[in-house]
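Take a look at the structure below.
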2 protein chains.
Amino acid sequence: MTVNQTATRRSADVEATILAAARDVLAQRGIDGLSMRAVAERVGVSATALYHYFENKDALVERVVQSGFQRFGEYLQQAAEHHPRGSLERVRALGEAYVRFALENQAYFRVLFSLRPGQPQRIADLPDGGGYGLLRAAVVDAMAAGTMRRDDPDLVVMYLWSMTHGLLTIAMACRIEECPELGPGFTGRQPLDLFRAFGTFVHEGLARQPAGAHTRNSGEGSS
Amino acid sequence: MTVNQTATRRSADVEATILAAARDVLAQRGIDGLSMRAVAERVGVSATALYHYFENKDALVERVVQSGFQRFGEYLQQAAEHHPRGSLERVRALGEAYVRFALENQAYFRVLFSLRPGQPQRIADLPDGGGYGLLRAAVVDAMAAGTMRRDDPDLVVMYLWSMTHGLLTIAMACRIEECPELGPGFTGRQPLDLFRAFGTFVHEGLARQPAGAHTRNSGEGSS
DNA sequence: GCGTTAAGTTAACACTGTTAACCTGGTTTT
DNA sequence: AAAACCAGGTTAACAGTGTTAACTTAACGC
């Protein structure tokens, strides 16, 4: 059996090599440049050889996405660790890490959360739920600690997730800093800045503040 | 010159026919099914004939997107009209219309806000700013009327837009109702329900409520 | 040694967007 | 009216895509 073991091991190695090549191609040439032939060439093998390791391109991409979520989860985990459980800072740090990861790995992020009716679909199938569990735990802790309004944690997570993800999606679709038309005060404003600015709204809400409350910069942006 | 006029008019008609065909193909077969040959076949013409009206496929898609935003803007406009200026209901109605349009025209929506480095990019280039101006006006009015916290309106718009858009993006990527793993209370919960549920957070914020304030359903969702 | 099988090859098919060369009929010009 | 022009259409073809089929080749278990 030892030979068989080494065989399957080598096979697994090749598989990993292919995955790494696919990741590289994706990062360098983008999703459109990610073709079977391009990956195969990078591995130094013919395109059809890949079909011995993956059923088809979708399966290959699915594995790339899976490993992407793995890295993503670790990235988030690391960001959370620096802040105590139950603190709002921990929740905020997760959000900022989300934004940073997306901006640093744009091609990756585009594929991970591709709108196309492709692979992922089931969030629970992803490693660590694609960071969902991490954020949920932080929210539950914050509620328990009394630093956050008590409500359905899944609803709150979805709310925070939506806001963050939507910001990134919009930012990547039309590169906010290149859209001065968006608003007078938006030129050069990076997504991470905007995310931080959202913090006030998330914390205090958009309702009319009680009389006498301090508004940060009321009525400024419209000139 | 009358002949020339009718000529260009007919030409414009054919162009419109092609665009309509492209929209149909997109709606029926999705973005992957939207090929030049498919559109041409629907028009009853050879694929290369399309190149007399559009420089290439990207240009054609760009026009489809443009007309999509047009319809989108009108859809939003109509939704807003039923609520008085300055009211929060008007802002909320715009958000709900956003969600409804996206769900009713999924293939369209996927293309409109495609993550791929494609056409739109400049929001201001779109008809009515892709609804941005509409929402901004509603927000400015609400602030002026005192029904909404006074702050940089563009920041608030971006916040609301991000939240709504993110919800849709996530919902379409993993079909929330098919993701019971997302949360115990999520099964069968439609995006529009979630959007409405977010309303409380947007309004009041996530901060710990002052003692004695009513929390809607504290701690319910986890068991 | 022999059969099996994994892992690779090349050739080919059906697609895709796109270009080139060509035709054709109405418009414009002389 | 004859000639030139040109918008609008055609078919053939090219390069690229994912994918399948048939074939080789080497290593393994018996």
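We name chains A, B, ... following the order of the structure tokens; residues begin at 1 in each chain, and ligands are numbered from 1 as shown.
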Chain B contacts on chain D, only C-alpha atoms (C1' of nucleotides), 12 Å, as a ChimeraX atom specification: /D:7-12
Chain B residues within 10 Å of chain C, counting only C-alpha atoms (C1' of nucleotides): which ones, as a PDB file with C-alpha atoms, in the first residue's frame?
```pdb
ATOM      1  CA  VAL B   3     -35.169  59.830 -47.962  1.00  0.00           C
ATOM      2  CA  ASN B   4     -32.070  60.162 -45.903  1.00  0.00           C
ATOM      3  CA  SER B  35     -24.081  35.721 -27.723  1.00  0.00           C
ATOM      4  CA  MET B  36     -23.937  37.720 -30.913  1.00  0.00           C
ATOM      5  CA  ARG B  37     -25.171  34.754 -32.885  1.00  0.00           C
ATOM      6  CA  ALA B  47     -24.244  37.587 -36.671  1.00  0.00           C
ATOM      7  CA  THR B  48     -21.867  39.808 -38.565  1.00  0.00           C
ATOM      8  CA  TYR B  51     -21.447  44.875 -36.439  1.00  0.00           C
ATOM      9  CA  ASN B  56     -18.582  44.979 -30.856  1.00  0.00           C
ATOM     10  CA  LYS B  57     -20.347  42.916 -28.277  1.00  0.00           C
TER      11      LYS B  57
END
```
Of the candidates A:Gln28, A:Gln66, A:Asn105, A:Thr147, which shows the shortest atom-to-atom distance to chain B, using only C-alpha atoms? A:Thr147
Could you write out, as a VMD selection string, all the residues of range 5-154 of chain B that DSSP marks as helix (DSSP H, G or I)? chain B and resid 5 to 29 31 to 33 36 to 43 47 to 52 57 to 81 88 to 104 106 to 112 123 to 125 127 to 145 153 to 154
Expected file: the selected residues, C-alpha atoms, as a short mmCIF file (atom, residue, chain, number, x, y, z; two decimals), in the first residue's frame:
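Listing of out-v4.cif after writing:
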```cif
data_model
loop_
_atom_site.label_atom_id
_atom_site.label_comp_id
_atom_site.auth_asym_id
_atom_site.auth_seq_id
_atom_site.Cartn_x
_atom_site.Cartn_y
_atom_site.Cartn_z
CA GLN B 5 -34.23 60.75 -42.87
CA THR B 6 -36.27 57.63 -43.44
CA ALA B 7 -33.05 55.75 -44.02
CA THR B 8 -31.56 56.76 -40.71
CA ARG B 9 -34.94 56.21 -39.12
CA ARG B 10 -35.12 52.67 -40.42
CA SER B 11 -31.57 52.18 -39.29
CA ALA B 12 -32.54 53.36 -35.83
CA ASP B 13 -35.46 50.96 -35.90
CA VAL B 14 -33.21 48.03 -36.67
CA GLU B 15 -30.92 49.12 -33.90
CA ALA B 16 -33.86 49.16 -31.51
CA THR B 17 -34.91 45.74 -32.75
CA ILE B 18 -31.47 44.37 -32.06
CA LEU B 19 -31.47 45.88 -28.61
CA ALA B 20 -34.87 44.38 -27.87
CA ALA B 21 -33.66 41.00 -29.07
CA ALA B 22 -30.58 41.28 -26.90
CA ARG B 23 -32.75 42.11 -23.89
CA ASP B 24 -34.95 39.11 -24.58
CA VAL B 25 -32.04 36.76 -24.97
CA LEU B 26 -30.53 38.10 -21.79
CA ALA B 27 -33.73 37.66 -19.83
CA GLN B 28 -34.38 34.18 -21.17
CA ARG B 29 -30.97 32.57 -21.46
CA ILE B 31 -25.73 36.40 -19.48
CA ASP B 32 -23.96 33.28 -20.70
CA GLY B 33 -26.57 32.75 -23.37
CA MET B 36 -23.94 37.72 -30.91
CA ARG B 37 -25.17 34.75 -32.88
CA ALA B 38 -28.09 34.20 -30.54
CA VAL B 39 -29.16 37.82 -30.83
CA ALA B 40 -28.71 37.79 -34.58
CA GLU B 41 -30.73 34.63 -34.95
CA ARG B 42 -33.56 36.18 -32.98
CA VAL B 43 -33.49 39.22 -35.23
CA ALA B 47 -24.24 37.59 -36.67
CA THR B 48 -21.87 39.81 -38.56
CA ALA B 49 -24.71 42.12 -39.55
CA LEU B 50 -24.85 43.34 -35.97
CA TYR B 51 -21.45 44.88 -36.44
CA HIS B 52 -22.98 47.44 -38.74
CA LYS B 57 -20.35 42.92 -28.28
CA ASP B 58 -19.28 45.16 -25.41
CA ALA B 59 -20.87 48.14 -27.11
CA LEU B 60 -24.08 46.19 -27.59
CA VAL B 61 -24.13 45.09 -23.97
CA GLU B 62 -23.40 48.63 -22.89
CA ARG B 63 -26.48 49.82 -24.72
CA VAL B 64 -28.54 47.07 -23.16
CA VAL B 65 -27.29 48.10 -19.76
CA GLN B 66 -28.05 51.72 -20.50
CA SER B 67 -31.64 50.98 -21.46
CA GLY B 68 -31.85 48.74 -18.41
CA PHE B 69 -30.93 51.61 -16.14
CA GLN B 70 -33.49 53.71 -17.92
CA ARG B 71 -36.26 51.28 -17.03
CA PHE B 72 -34.77 50.93 -13.59
CA GLY B 73 -34.90 54.67 -13.04
CA GLU B 74 -38.50 54.89 -14.19
CA TYR B 75 -39.41 52.01 -11.92
CA LEU B 76 -37.91 53.80 -8.94
CA GLN B 77 -39.46 57.08 -9.93
CA GLN B 78 -42.89 55.53 -9.99
CA ALA B 79 -42.37 53.96 -6.59
CA ALA B 80 -41.29 57.25 -5.06
CA GLU B 81 -44.20 59.25 -6.41
CA LEU B 88 -39.03 58.45 5.38
CA GLU B 89 -41.61 56.35 3.58
CA ARG B 90 -40.39 57.77 0.32
CA VAL B 91 -36.84 56.69 1.05
CA ARG B 92 -38.04 53.30 2.15
CA ALA B 93 -40.20 52.90 -0.94
CA LEU B 94 -37.19 53.57 -3.14
CA GLY B 95 -35.29 50.82 -1.37
CA GLU B 96 -38.13 48.36 -1.70
CA ALA B 97 -38.53 49.19 -5.36
CA TYR B 98 -34.81 48.59 -5.78
CA VAL B 99 -35.19 45.16 -4.27
CA ARG B 100 -38.29 44.31 -6.25
CA PHE B 101 -36.79 45.37 -9.54
CA ALA B 102 -33.71 43.30 -8.91
CA LEU B 103 -35.71 40.20 -8.07
CA GLU B 104 -38.05 40.61 -11.01
CA GLN B 106 -32.44 39.05 -12.17
CA ALA B 107 -30.55 38.53 -15.39
CA TYR B 108 -30.78 42.23 -16.03
CA PHE B 109 -29.67 43.15 -12.56
CA ARG B 110 -26.70 40.81 -12.77
CA VAL B 111 -25.50 42.61 -15.86
CA LEU B 112 -26.31 46.11 -14.68
CA ILE B 123 -22.62 56.41 -12.50
CA ALA B 124 -23.25 59.95 -13.65
CA ASP B 125 -23.18 58.77 -17.26
CA PRO B 127 -29.76 57.94 -17.23
CA ASP B 128 -30.73 59.70 -14.04
CA GLY B 129 -27.56 58.43 -12.44
CA GLY B 130 -29.00 54.96 -12.18
CA GLY B 131 -31.45 56.10 -9.56
CA TYR B 132 -28.75 57.69 -7.46
CA GLY B 133 -30.12 61.18 -7.94
CA LEU B 134 -33.58 60.00 -7.02
CA LEU B 135 -32.48 58.53 -3.73
CA ARG B 136 -30.27 61.49 -2.98
CA ALA B 137 -33.11 63.92 -3.47
CA ALA B 138 -35.33 61.87 -1.17
CA VAL B 139 -32.62 61.86 1.47
CA VAL B 140 -31.97 65.57 1.18
CA ASP B 141 -35.69 66.25 1.46
CA ALA B 142 -36.00 64.01 4.49
CA MET B 143 -33.14 65.81 6.19
CA ALA B 144 -34.65 69.17 5.40
CA ALA B 145 -38.01 68.01 6.71
CA PRO B 153 -26.36 63.23 2.20
CA ASP B 154 -23.97 61.50 -0.17
#
```
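The shell of residues at most 9 Å from range 195-199 of chain B, with only C-alpha atoms (C1' of nucleotides) counted and near chain neighbours (fewer than 3 positions) removed, consists of Leu155, Val156, Met158 and Tyr159 of chain A; Arg92, Gly95, Glu96, Val99, Met163, Thr164, Leu167, Gln190, Pro191, Leu192, Val202, His203 and Glu204 of chain B.
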Expected file: the selected residues, C-alpha atoms, as a short mmCIF file (atom, residue, chain, number, x, y, z; two decimals), in the first residue's frame:
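Result saved to result.cif:
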```cif
data_model
loop_
_atom_site.label_atom_id
_atom_site.label_comp_id
_atom_site.auth_asym_id
_atom_site.auth_seq_id
_atom_site.Cartn_x
_atom_site.Cartn_y
_atom_site.Cartn_z
CA LEU A 155 -30.68 39.28 11.13
CA VAL A 156 -28.03 41.63 12.49
CA MET A 158 -27.06 39.77 7.51
CA TYR A 159 -27.52 43.50 7.93
CA ARG B 92 -38.04 53.30 2.15
CA GLY B 95 -35.29 50.82 -1.37
CA GLU B 96 -38.13 48.36 -1.70
CA VAL B 99 -35.19 45.16 -4.27
CA MET B 163 -26.96 47.93 2.43
CA THR B 164 -29.68 47.33 -0.12
CA LEU B 167 -28.43 42.24 0.45
CA GLN B 190 -37.37 36.43 1.14
CA PRO B 191 -34.95 39.28 0.46
CA LEU B 192 -37.76 41.80 0.64
CA VAL B 202 -31.24 51.68 9.91
CA HIS B 203 -33.63 53.80 11.90
CA GLU B 204 -32.51 53.21 15.44
#
```
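Separating CA of Leu206 in chain B from CA of Arg150 in chain A is a distance of 8.5 Å.
Atom pair CA of Ser87 in chain A / CA of Leu194 in chain A has a distance of 21.3 Å (rounded to one decimal).
The smallest atom-to-atom distance between chain B and any of A:Gly30, A:Leu160, A:Arg208, A:His83, using only C-alpha atoms, is found for A:Arg208.
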Phe113 in chain A proximity check over B:His82, B:Cys174, B:Trp161, B:Leu34, using only C-alpha atoms: winner is B:Cys174
